[in-house]
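Source file: start.csv. Holds: CSV, C-alpha atoms and all ligand atoms.
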```
chain,number,residue,atom,x,y,z
A,110,MET,CA,92.4,-15.9,77.1
A,111,ARG,CA,93.4,-12.7,75.3
A,112,LEU,CA,91.5,-13.9,72.2
A,113,ASP,CA,88.4,-14.4,74.3
A,114,ASN,CA,88.6,-10.8,75.4
A,115,LEU,CA,89.0,-9.7,71.8
A,116,GLU,CA,85.9,-11.8,70.8
A,117,GLN,CA,83.9,-10.1,73.6
A,118,VAL,CA,84.8,-6.7,72.1
A,119,ILE,CA,84.1,-7.7,68.5
A,120,ALA,CA,80.7,-9.4,69.0
A,121,PRO,CA,78.7,-6.3,70.1
A,122,ALA,CA,80.5,-4.1,67.5
A,123,ARG,CA,79.5,-6.4,64.6
A,124,ARG,CA,76.2,-4.8,63.8
A,125,PRO,CA,77.3,-1.1,64.1
A,126,VAL,CA,80.4,-1.8,61.9
A,127,LEU,CA,78.2,-3.6,59.4
A,128,ALA,CA,75.8,-0.6,59.2
A,129,LEU,CA,78.8,1.8,58.8
A,130,GLY,CA,80.4,-0.4,56.2
A,131,LEU,CA,77.2,-0.7,54.1
A,132,ALA,CA,76.5,3.1,54.4
A,133,ALA,CA,80.1,3.7,53.1
A,134,LEU,CA,79.5,1.2,50.3
A,135,VAL,CA,76.4,3.1,49.2
A,136,ALA,CA,78.4,6.4,49.5
A,137,ILE,CA,81.3,5.2,47.3
A,138,THR,CA,79.0,4.5,44.4
A,139,ILE,CA,77.8,8.2,44.4
A,140,PRO,CA,80.1,10.1,42.0
A,141,ALA,CA,79.8,13.4,44.1
A,142,VAL,CA,81.2,11.5,47.1
A,143,ARG,CA,84.0,10.0,45.2
A,144,ARG,CA,85.1,13.5,44.0
A,145,ILE,CA,85.8,14.6,47.7
A,146,ASP,CA,89.5,14.8,48.1
A,147,TRP,CA,89.7,13.4,51.7
A,148,PRO,CA,89.4,9.6,51.4
A,149,VAL,CA,87.1,9.3,54.3
A,150,VAL,CA,84.9,6.7,52.6
A,151,ASP,CA,87.9,4.5,51.6
A,152,ILE,CA,89.3,4.6,55.1
A,153,THR,CA,86.0,3.6,56.5
A,154,LEU,CA,85.6,0.8,54.1
A,155,TRP,CA,89.1,-0.6,54.7
A,156,SER,CA,88.6,-0.3,58.5
A,157,CYS,CA,85.4,-2.3,58.2
A,158,TRP,CA,87.1,-4.9,56.1
A,159,ALA,CA,90.0,-5.1,58.7
A,160,PHE,CA,87.4,-5.6,61.4
A,161,PHE,CA,85.7,-8.4,59.5
A,162,PHE,CA,89.0,-10.0,58.7
A,163,VAL,CA,89.9,-10.2,62.4
A,164,ASP,CA,86.3,-11.3,63.2
A,165,THR,CA,86.6,-14.1,60.6
A,166,ALA,CA,90.1,-15.1,61.7
A,167,LEU,CA,88.8,-15.5,65.3
A,168,ALA,CA,85.8,-17.5,64.1
A,169,PHE,CA,88.2,-19.9,62.2
A,170,LEU,CA,90.5,-20.2,65.3
A,171,ARG,CA,87.6,-20.8,67.7
A,172,PRO,CA,87.1,-24.6,67.0
A,173,VAL,CA,90.9,-25.0,67.1
A,174,ARG,CA,91.1,-23.4,70.4
A,175,VAL,CA,88.1,-25.1,71.9
A,176,ASP,CA,88.4,-28.6,70.4
A,177,ALA,CA,91.9,-28.5,69.0
A,178,SER,CA,90.6,-29.4,65.6
A,179,TRP,CA,89.6,-27.7,62.4
A,180,GLN,CA,86.9,-30.3,61.9
A,181,ALA,CA,84.4,-28.5,64.1
A,182,LEU,CA,84.4,-25.7,61.6
A,183,THR,CA,81.2,-26.2,59.5
A,184,GLN,CA,81.2,-25.9,55.8
A,185,TRP,CA,78.8,-23.0,56.0
A,186,GLN,CA,81.1,-21.1,58.4
A,187,THR,CA,84.0,-21.6,56.1
A,188,VAL,CA,82.1,-20.4,53.0
A,189,VAL,CA,80.8,-17.3,54.9
A,190,GLY,CA,84.3,-16.5,56.2
A,191,LEU,CA,85.9,-16.7,52.8
A,192,LEU,CA,83.1,-14.7,51.1
A,193,VAL,CA,83.4,-12.0,53.7
A,194,VAL,CA,87.2,-11.6,53.5
A,195,ILE,CA,88.4,-12.5,50.0
A,196,PRO,CA,86.3,-11.0,47.2
A,197,VAL,CA,87.0,-7.3,47.9
A,198,PRO,CA,90.9,-7.6,47.8
A,199,ALA,CA,90.5,-10.1,44.9
A,200,GLY,CA,88.4,-7.5,43.1
A,201,PHE,CA,91.2,-4.9,43.5
A,202,LEU,CA,93.9,-7.4,42.5
A,203,ALA,CA,91.8,-8.2,39.4
A,204,GLY,CA,92.0,-4.5,38.5
A,205,LEU,CA,88.3,-3.6,39.1
A,206,PRO,CA,87.6,0.1,39.8
A,207,ALA,CA,87.1,0.8,43.5
A,208,PRO,CA,83.3,1.3,43.4
A,209,THR,CA,82.9,-2.1,41.7
A,210,ALA,CA,85.4,-4.0,43.9
A,211,TRP,CA,83.7,-2.7,47.0
A,212,LEU,CA,80.3,-4.1,45.8
A,213,PHE,CA,81.6,-7.4,47.1
A,214,ALA,CA,81.4,-5.9,50.5
A,215,SER,CA,77.7,-6.8,50.3
A,216,PHE,CA,78.8,-10.3,51.5
A,217,TRP,CA,79.5,-8.7,54.9
A,218,LEU,CA,75.7,-9.1,55.4
A,219,LEU,CA,76.4,-12.8,55.9
A,220,LYS,CA,78.0,-11.9,59.2
A,221,LEU,CA,74.6,-11.2,60.6
A,222,GLN,CA,73.8,-14.4,62.5
A,223,SER,CA,70.1,-13.8,62.2
A,224,ALA,CA,70.5,-13.5,58.4
A,225,THR,CA,72.3,-16.9,58.1
A,226,ALA,CA,69.9,-18.5,60.5
A,227,GLY,CA,67.1,-17.1,58.3
A,228,ILE,CA,68.7,-18.5,55.1
A,229,SER,CA,69.0,-21.9,56.6
A,230,LEU,CA,65.4,-21.8,57.8
A,231,PHE,CA,64.2,-20.6,54.4
A,232,SER,CA,66.2,-23.3,52.5
A,233,ARG,CA,64.7,-26.0,54.7
A,234,VAL,CA,61.2,-24.6,54.2
A,235,ILE,CA,61.7,-24.6,50.4
A,236,ARG,CA,62.9,-28.2,50.5
A,237,GLN,CA,60.1,-29.4,52.7
A,238,GLN,CA,57.4,-27.5,50.8
A,239,ALA,CA,58.9,-28.4,47.4
A,240,ARG,CA,55.8,-30.3,46.2
A,241,PRO,CA,53.1,-27.7,47.0
A,242,LEU,CA,55.4,-24.9,45.8
A,243,ALA,CA,56.0,-26.7,42.5
A,244,ALA,CA,52.2,-27.1,42.2
A,245,VAL,CA,51.7,-23.4,42.7
A,246,ILE,CA,54.5,-22.5,40.3
A,247,SER,CA,53.0,-24.7,37.7
A,248,LEU,CA,49.6,-23.0,38.2
A,249,PHE,CA,51.3,-19.6,37.9
A,250,LEU,CA,53.0,-20.6,34.7
A,251,PHE,CA,49.8,-22.0,33.3
A,252,VAL,CA,47.8,-18.9,34.0
A,253,LEU,CA,50.7,-16.7,32.8
A,254,PHE,CA,50.9,-18.4,29.5
A,255,PHE,CA,47.2,-18.6,28.8
A,256,ALA,CA,46.7,-14.9,29.8
A,257,ALA,CA,49.6,-13.9,27.5
A,258,VAL,CA,48.2,-15.9,24.6
A,259,ALA,CA,44.6,-14.5,25.1
A,260,MET,CA,45.9,-10.9,25.4
A,261,HIS,CA,48.1,-11.4,22.3
A,262,VAL,CA,45.0,-12.4,20.3
A,263,LEU,CA,42.8,-9.6,21.8
A,264,GLU,CA,45.2,-6.7,21.6
A,265,ARG,CA,47.6,-7.4,18.7
A,266,GLY,CA,45.4,-5.5,16.2
A,267,ALA,CA,45.1,-2.4,18.4
A,268,GLN,CA,48.7,-2.4,19.8
A,269,PRO,CA,51.0,-4.4,17.5
A,270,GLU,CA,54.1,-2.8,19.0
A,271,ARG,CA,53.3,-4.1,22.5
A,272,PHE,CA,51.2,-7.2,22.0
A,273,GLY,CA,52.2,-8.2,18.5
A,274,ASN,CA,54.4,-11.0,19.7
A,275,LEU,CA,54.0,-13.4,22.6
A,276,ALA,CA,57.1,-12.2,24.4
A,277,GLY,CA,55.6,-8.7,24.8
A,278,ALA,CA,52.3,-10.2,25.9
A,279,MET,CA,54.1,-12.4,28.5
A,280,TYR,CA,55.9,-9.3,29.9
A,281,TRP,CA,52.4,-7.8,30.4
A,282,ALA,CA,51.1,-11.0,32.0
A,283,VAL,CA,54.1,-11.2,34.5
A,284,THR,CA,53.7,-7.6,35.6
A,285,THR,CA,49.9,-8.0,35.9
A,286,LEU,CA,49.9,-11.4,37.7
A,287,THR,CA,52.5,-10.3,40.2
A,288,THR,CA,50.3,-7.2,40.8
A,289,THR,CA,53.4,-5.0,39.9
A,290,GLY,CA,51.6,-3.2,37.1
A,291,TYR,CA,54.2,-0.8,35.8
A,292,GLY,CA,51.6,0.7,33.6
A,293,ASP,CA,53.9,0.8,30.5
A,294,THR,CA,51.9,-1.9,28.7
A,295,VAL,CA,48.2,-1.8,29.2
A,296,PRO,CA,45.3,-3.2,27.1
A,297,VAL,CA,43.1,-0.7,25.3
A,298,THR,CA,40.3,-2.8,23.9
A,299,PRO,CA,37.2,-3.6,26.1
A,300,ALA,CA,37.8,-7.3,25.8
A,301,GLY,CA,41.5,-6.8,26.7
A,302,ARG,CA,40.6,-4.8,29.8
A,303,LEU,CA,38.0,-7.4,30.9
A,304,LEU,CA,40.7,-10.1,30.6
A,305,ALA,CA,43.2,-7.9,32.5
A,306,GLY,CA,40.7,-7.6,35.4
A,307,LEU,CA,40.4,-11.4,35.5
A,308,VAL,CA,44.1,-11.9,35.3
A,309,MET,CA,44.6,-9.4,38.2
A,310,ILE,CA,42.2,-11.4,40.4
A,311,GLY,CA,43.8,-14.7,39.3
A,312,GLY,CA,47.2,-13.2,40.3
A,313,LEU,CA,46.0,-12.4,43.8
A,314,ALA,CA,44.6,-15.9,44.2
A,315,VAL,CA,47.9,-17.5,43.0
A,316,PHE,CA,50.0,-15.3,45.3
A,317,GLY,CA,47.6,-16.0,48.2
A,318,LEU,CA,48.3,-19.7,47.6
A,319,TRP,CA,52.1,-19.1,47.4
A,320,THR,CA,52.1,-17.0,50.6
A,321,GLY,CA,50.0,-19.7,52.4
A,322,VAL,CA,52.3,-22.5,51.4
A,323,LEU,CA,55.4,-20.5,52.6
A,324,ALA,CA,53.7,-19.3,55.8
A,325,THR,CA,52.6,-22.8,56.7
A,326,GLY,CA,56.1,-24.2,56.0
A,327,PHE,CA,57.7,-21.5,58.2
A,328,ALA,CA,55.3,-22.0,61.0
A,329,ALA,CA,55.8,-25.8,60.9
A,330,GLU,CA,59.6,-25.5,60.8
A,331,THR,CA,59.8,-23.0,63.6
A,332,ARG,CA,57.5,-25.2,65.7
A,333,ARG,CA,59.7,-28.2,64.9
A,334,ARG,CA,62.9,-26.3,65.9
A,335,ASP,CA,61.4,-25.0,69.1
A,336,PHE,CA,60.3,-28.5,70.0
A,337,ILE,CA,63.7,-30.0,69.3
A,338,ARG,CA,65.4,-27.4,71.4
A,339,SER,CA,62.9,-27.7,74.2
A,340,TRP,CA,63.2,-31.5,74.1
A,341,GLU,CA,67.0,-31.4,74.4
A,342,LEU,CA,66.8,-28.9,77.2
A,343,VAL,CA,64.0,-30.8,79.0
A,344,ALA,CA,66.1,-34.0,78.9
A,345,ARG,CA,68.8,-32.1,80.8
A,346,VAL,CA,66.5,-31.1,83.7
A,347,PRO,CA,66.6,-33.9,86.4
A,348,PHE,CA,63.1,-32.9,87.5
A,349,PHE,CA,61.6,-34.4,84.3
A,350,ARG,CA,63.9,-37.4,84.0
A,351,GLY,CA,61.7,-39.7,86.0
A,352,LEU,CA,58.8,-39.2,83.5
A,353,GLY,CA,58.2,-41.3,80.5
A,354,PRO,CA,58.8,-40.2,76.8
A,355,ALA,CA,55.1,-39.4,76.3
A,356,ALA,CA,55.2,-37.0,79.3
A,357,ILE,CA,58.4,-35.4,78.1
A,358,ILE,CA,56.9,-34.8,74.7
A,359,ASP,CA,53.9,-33.3,76.3
A,360,ILE,CA,56.0,-31.0,78.5
A,361,ALA,CA,58.4,-30.0,75.7
A,362,GLN,CA,55.4,-28.8,73.7
A,363,LYS,CA,54.3,-26.6,76.6
A,364,LEU,CA,57.7,-25.2,77.6
A,365,ARG,CA,59.2,-22.1,75.9
A,366,SER,CA,63.0,-21.6,76.0
A,367,GLU,CA,64.4,-18.2,76.7
A,368,ASP,CA,68.0,-17.1,76.7
A,369,TYR,CA,69.0,-14.5,79.3
A,370,PRO,CA,72.3,-12.6,79.4
A,371,GLU,CA,74.3,-12.4,82.7
A,372,ARG,CA,73.0,-10.1,85.4
A,373,THR,CA,69.5,-9.9,84.1
A,374,VAL,CA,66.4,-9.8,86.4
A,375,VAL,CA,64.1,-12.7,85.5
A,376,ILE,CA,61.6,-12.3,88.4
A,377,ARG,CA,61.1,-9.1,90.5
A,378,ARG,CA,59.9,-9.4,94.0
A,379,GLY,CA,56.4,-8.1,94.6
A,380,ARG,CA,55.2,-8.5,91.0
A,381,GLU,CA,52.4,-10.8,90.0
A,382,GLY,CA,53.7,-14.1,88.6
A,383,ASP,CA,52.1,-16.2,85.9
A,384,SER,CA,54.9,-18.6,85.1
A,385,MET,CA,57.7,-20.8,86.6
A,386,TYR,CA,61.2,-21.4,85.3
A,387,PHE,CA,63.5,-24.4,84.9
A,388,ILE,CA,67.2,-23.7,84.6
A,389,ALA,CA,68.4,-25.7,81.5
A,390,GLU,CA,71.8,-24.0,81.5
A,391,GLY,CA,73.3,-21.3,83.6
A,392,GLU,CA,72.9,-20.1,87.2
A,393,VAL,CA,70.7,-17.6,89.0
A,394,GLU,CA,70.7,-15.9,92.4
A,395,VAL,CA,67.5,-15.7,94.5
A,396,ALA,CA,67.3,-12.6,96.7
A,397,GLY,CA,64.4,-13.0,99.1
A,398,ASN,CA,63.9,-12.7,102.9
A,399,GLY,CA,66.9,-14.7,103.9
A,400,PRO,CA,70.5,-14.7,102.6
A,401,PRO,CA,70.8,-15.0,98.8
A,402,VAL,CA,70.5,-18.5,97.4
A,403,ARG,CA,72.1,-19.7,94.1
A,404,LEU,CA,70.3,-22.1,91.9
A,405,ARG,CA,72.1,-24.1,89.1
A,406,ALA,CA,71.1,-26.0,86.0
A,407,GLY,CA,68.4,-28.5,86.8
A,408,ALA,CA,66.8,-26.4,89.5
A,409,PHE,CA,63.5,-24.5,89.2
A,410,PHE,CA,62.1,-21.3,90.6
A,411,GLY,CA,59.0,-19.1,90.4
A,412,GLU,CA,56.7,-22.0,91.6
A,413,MET,CA,55.4,-20.1,94.6
A,414,ALA,CA,53.4,-17.6,92.5
A,415,LEU,CA,51.7,-20.6,90.9
A,416,LEU,CA,51.2,-22.7,94.1
A,417,ALA,CA,50.0,-19.9,96.3
A,418,ARG,CA,48.7,-17.7,93.5
A,419,GLY,CA,50.3,-14.7,95.1
A,420,VAL,CA,53.0,-12.2,94.3
A,421,ARG,CA,56.7,-13.1,93.8
A,422,ASN,CA,58.5,-13.5,97.2
A,423,ALA,CA,62.0,-12.9,95.8
A,424,THR,CA,64.0,-11.3,93.0
A,425,VAL,CA,65.8,-13.7,90.7
A,426,THR,CA,68.7,-12.6,88.7
A,427,THR,CA,71.0,-14.5,86.3
A,428,ILE,CA,74.6,-14.8,87.4
A,429,ILE,CA,75.9,-16.0,84.0
A,430,PRO,CA,74.2,-16.3,80.6
A,431,SER,CA,71.4,-18.7,81.2
A,432,THR,CA,68.8,-20.7,79.2
A,433,LEU,CA,65.5,-21.0,81.1
A,434,LEU,CA,62.4,-23.1,80.2
A,435,VAL,CA,59.3,-21.2,80.9
A,436,LEU,CA,56.0,-22.9,82.0
A,437,GLU,CA,52.9,-20.7,82.0
A,438,VAL,CA,50.4,-21.1,84.8
A,439,THR,CA,47.6,-22.6,82.7
A,440,ASP,CA,50.0,-25.2,81.3
A,441,PHE,CA,51.3,-25.8,84.8
A,442,HIS,CA,47.8,-26.8,86.0
A,443,VAL,CA,47.2,-28.9,82.9
A,444,LEU,CA,50.4,-30.8,83.4
A,445,THR,CA,50.0,-31.3,87.1
A,446,ALA,CA,46.5,-32.6,86.5
A,447,HIS,CA,48.0,-35.2,84.1
A,448,TYR,CA,51.1,-35.9,86.1
A,449,PRO,CA,50.4,-35.5,89.8
A,450,GLU,CA,54.0,-36.5,90.6
A,451,LEU,CA,55.1,-33.2,89.1
A,452,ALA,CA,52.9,-31.3,91.5
A,453,ARG,CA,54.2,-33.3,94.4
A,454,THR,CA,57.8,-32.7,93.5
A,455,VAL,CA,57.2,-28.9,93.2
A,456,GLU,CA,55.4,-28.8,96.5
A,457,GLN,CA,58.1,-30.9,98.3
A,458,GLU,CA,60.8,-28.5,97.0
A,459,ALA,CA,58.8,-25.5,98.1
A,460,LEU,CA,58.4,-27.2,101.6
A,461,ARG,CA,62.2,-27.9,101.7
A,462,ARG,CA,62.9,-24.2,100.9
A,463,GLY,CA,60.6,-23.3,103.8
A,464,LEU,CA,58.3,-21.4,101.4
A,465,ILE,CA,55.1,-23.3,102.3
A,466,GLN,CA,53.8,-25.1,105.4
A,467,GLU,CA,53.1,-28.8,105.6
A,468,LYS,CA,49.3,-29.3,105.1
A,469,THR,CA,47.7,-30.7,108.3
A,470,ASP,CA,44.8,-33.1,108.0
A,471,PRO,CA,41.7,-31.2,109.4
A,472,ALA,CA,40.2,-34.6,110.4
A,473,ALA,CA,43.2,-35.4,112.6
B,1,LIG,P1,58.1,-17.0,93.4
B,1,LIG,O1,57.7,-16.4,94.7
B,1,LIG,O2,57.0,-17.3,92.4
B,1,LIG,O3,59.2,-16.1,92.7
B,1,LIG,C1,60.4,-16.0,93.4
B,1,LIG,C2,61.0,-17.4,93.5
B,1,LIG,O4,62.3,-17.5,94.2
B,1,LIG,C3,60.1,-18.2,94.4
B,1,LIG,O5,58.9,-18.4,93.7
B,1,LIG,C4,60.9,-19.4,94.6
B,1,LIG,O6,60.9,-20.3,93.5
B,1,LIG,C5,62.3,-18.8,94.7
B,1,LIG,N1,62.8,-18.7,96.1
B,1,LIG,C6,62.4,-17.9,97.0
B,1,LIG,N2,63.0,-18.1,98.2
B,1,LIG,C7,63.8,-19.2,98.0
B,1,LIG,C8,64.7,-19.9,98.7
B,1,LIG,N3,64.9,-19.6,100.0
B,1,LIG,N4,65.4,-20.9,98.2
B,1,LIG,C9,65.2,-21.2,96.9
B,1,LIG,N5,64.4,-20.5,96.1
B,1,LIG,C10,63.7,-19.5,96.6
```
This structure in structure tokens:
Amino acid sequence: MRLDNLEQVIAPARRPVLALGLAALVAITIPAVRRIDWPVVDITLWSCWAFFFVDTALAFLRPVRVDASWQALTQWQTVVGLLVVIPVPAGFLAGLPAPTAWLFASFWLLKLQSATAGISLFSRVIRQQARPLAAVISLFLFVLFFAAVAMHVLERGAQPERFGNLAGAMYWAVTTLTTTGYGDTVPVTPAGRLLAGLVMIGGLAVFGLWTGVLATGFAAETRRRDFIRSWELVARVPFFRGLGPAAIIDIAQKLRSEDYPERTVVIRRGREGDSMYFIAEGEVEVAGNGPPVRLRAGAFFGEMALLARGVRNATVTTIIPSTLLVLEVTDFHVLTAHYPELARTVEQEALRRGLIQEKTDPAA
């Protein structure tokens, strides 16, 4: 229990400590700072290291505490933990000067959860887009080589020191194709300049392709992950269980999952509403006209604004950290048109809650 409390203190401090540590790392590489007598930068860096040591130890102990097994610790977690803690002291033990040993503190960046999530997303995109990326890289190398050969032929007479050999011409081709253009190697002959213009345009086209392939890959992977998460969450909501797989796929595509910390207002009474929520995980409190009502995982709320197209009749606040599935009003109407049983269940629940009146048949 005490370790849980420690984790709760450490988690929000991770980013500020990381920022402080990286600022101190930059500072220690500046000679003027190193000459200051008071070892403020060293103290800061060692304090940050101690913080990450405790943080990593807790991360290693968590699976043991929760599942009583080391096996739940993933390979990636282990690698990150070791890279964050070991290289700095190992650098000092190996006799490296302090500004060099502390450079290993760059691995602290791996402690950023979003960074590691980004790395895993990026590596998956690269694997999935391997073929189109290989095609673009081949095209890039093809243009690079031919541009270098052509420029070598056109410019070697005028600038033998820069374009006299193919290596120099290739350096020019790389800086031009990547649109970096340092300006240290430039063609001077009219034909060379004409070729440079064409290579610049070619460079933009190749990088446009490269960007397009990566952007498409990222979008597809993000959509896939969102879908898998929504699918898992939808399957947990009893409300959807009676529907077939085709309906669940349809619904999972329309729902957006949102994570809310504890004591967070999701819906405020009196505001216009344009979505309803299903509780996949967690618990909320509804404060309306009557006594407060608690809704747990599997329940839904926010349907009244969609059924009656009015304003919210209660304020809904999370009690514990909760994951909610959000359904926008337009999607609600599309879904209920396809699956009338959904509309009936929502209406029956609103009736049970006393939020709407039973419809009377005007003919009766
Ligand atoms: P809506 O009016 O859109 O936003 C507030 C939501 O709180 C409302 O929809 C219902 O989903 C929910 N709500 C209001 N009153 C009750 C109640 N008595 N019991 C359960 N849920 C309620």
*asked:* Report as a ChimeraX atom specification all protein, DNA and RNA residues lying within 12 Å of Pro354 of chain A, evaluated on all atoms listed in the file, omitting residues in the same chain fewer than 5 positions from it.
replied: /A:340,343-344,349,359-361
Expected file contents, prior selection, C-alpha atoms, as a PDB file, keeping the file's coordinate frame:
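Written out: out_30.pdb:
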```pdb
ATOM      1  CA  TRP A 340      63.200 -31.500  74.100  1.00  0.00           C
ATOM      2  CA  VAL A 343      64.000 -30.800  79.000  1.00  0.00           C
ATOM      3  CA  ALA A 344      66.100 -34.000  78.900  1.00  0.00           C
ATOM      4  CA  PHE A 349      61.600 -34.400  84.300  1.00  0.00           C
ATOM      5  CA  ASP A 359      53.900 -33.300  76.300  1.00  0.00           C
ATOM      6  CA  ILE A 360      56.000 -31.000  78.500  1.00  0.00           C
ATOM      7  CA  ALA A 361      58.400 -30.000  75.700  1.00  0.00           C
TER       8      ALA A 361
END
```
*asked:* Residues near Leu129 of chain A, anyone? I mean within 12 Å using only C-alpha atoms, not counting same-chain ones fewer than 4 positions away, as a PyMOL selection string.
replied: chain A and resi 122-125+133-136+150-158+160+214+217-218
*Go through A:Val194, A:Val395, A:Ile145, A:Ala356 and flag the residue nearest Val443 of chain A, using all atoms listed in the file for the distances.*
A:Ala356
_Surrounding residues as a list in words, ligand LIG 1 (chain B), max 6 Å, all atoms listed in the file_ = Gly382, Val395, Gly397, Val402, Phe410, Gly411, Glu412, Met413, Ala414, Arg421, Asn422, Ala423, Thr424 and Arg462 of chain A
*Within 10 Å of Val393 of chain A, counting only C-alpha atoms, which residues show up once you throw out same-chain ones fewer than 5 positions away? Write them as a ChimeraX atom specification, please.*
/A:371-375,388,402-406,408-410,425-431
*Considering all atoms listed in the file, return as number ranges by chain whatever protein or nucleic-acid residues lie within 12 Å of Ala452 of chain A, sequence-local ones (same chain, fewer than 2 positions apart) excluded.*
A: 348-349, 412-413, 415-416, 441-450, 454-459
Could you name the residues that touch Met309 of chain A at 6 Å or less, counting all atoms listed in the file, but leaving out those on the same chain fewer than 2 positions away, as a PDB file with C-alpha atoms, in the frame of the given file?
```
ATOM      1  CA  THR A 285      49.900  -8.000  35.900  1.00  0.00           C
ATOM      2  CA  LEU A 286      49.900 -11.400  37.700  1.00  0.00           C
ATOM      3  CA  GLY A 306      40.700  -7.600  35.400  1.00  0.00           C
ATOM      4  CA  LEU A 307      40.400 -11.400  35.500  1.00  0.00           C
ATOM      5  CA  GLY A 311      43.800 -14.700  39.300  1.00  0.00           C
ATOM      6  CA  GLY A 312      47.200 -13.200  40.300  1.00  0.00           C
TER       7      GLY A 312
END
```
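Across the structure, atom CA of Gln268 of chain A and atom CA of Val297 of chain A are spaced 8.0 Å apart.
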*Of the listed residues A:Ser247, A:Thr331, A:Leu275, A:Ala305, that which approaches Gly227 of chain A most closely, counting only C-alpha atoms*: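 Closest to Gly227 of chain A, using only C-alpha atoms: A:Thr331.
Between atom CA of Arg345 of chain A and atom CA of Thr439 of chain A lies a distance of 23.3 Å.
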*When you draw a straight line from atom CA of Phe255 of chain A to atom CA of Ala243 of chain A, how long is it in Å?*
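Interatomic distance here is 18.2 Å.
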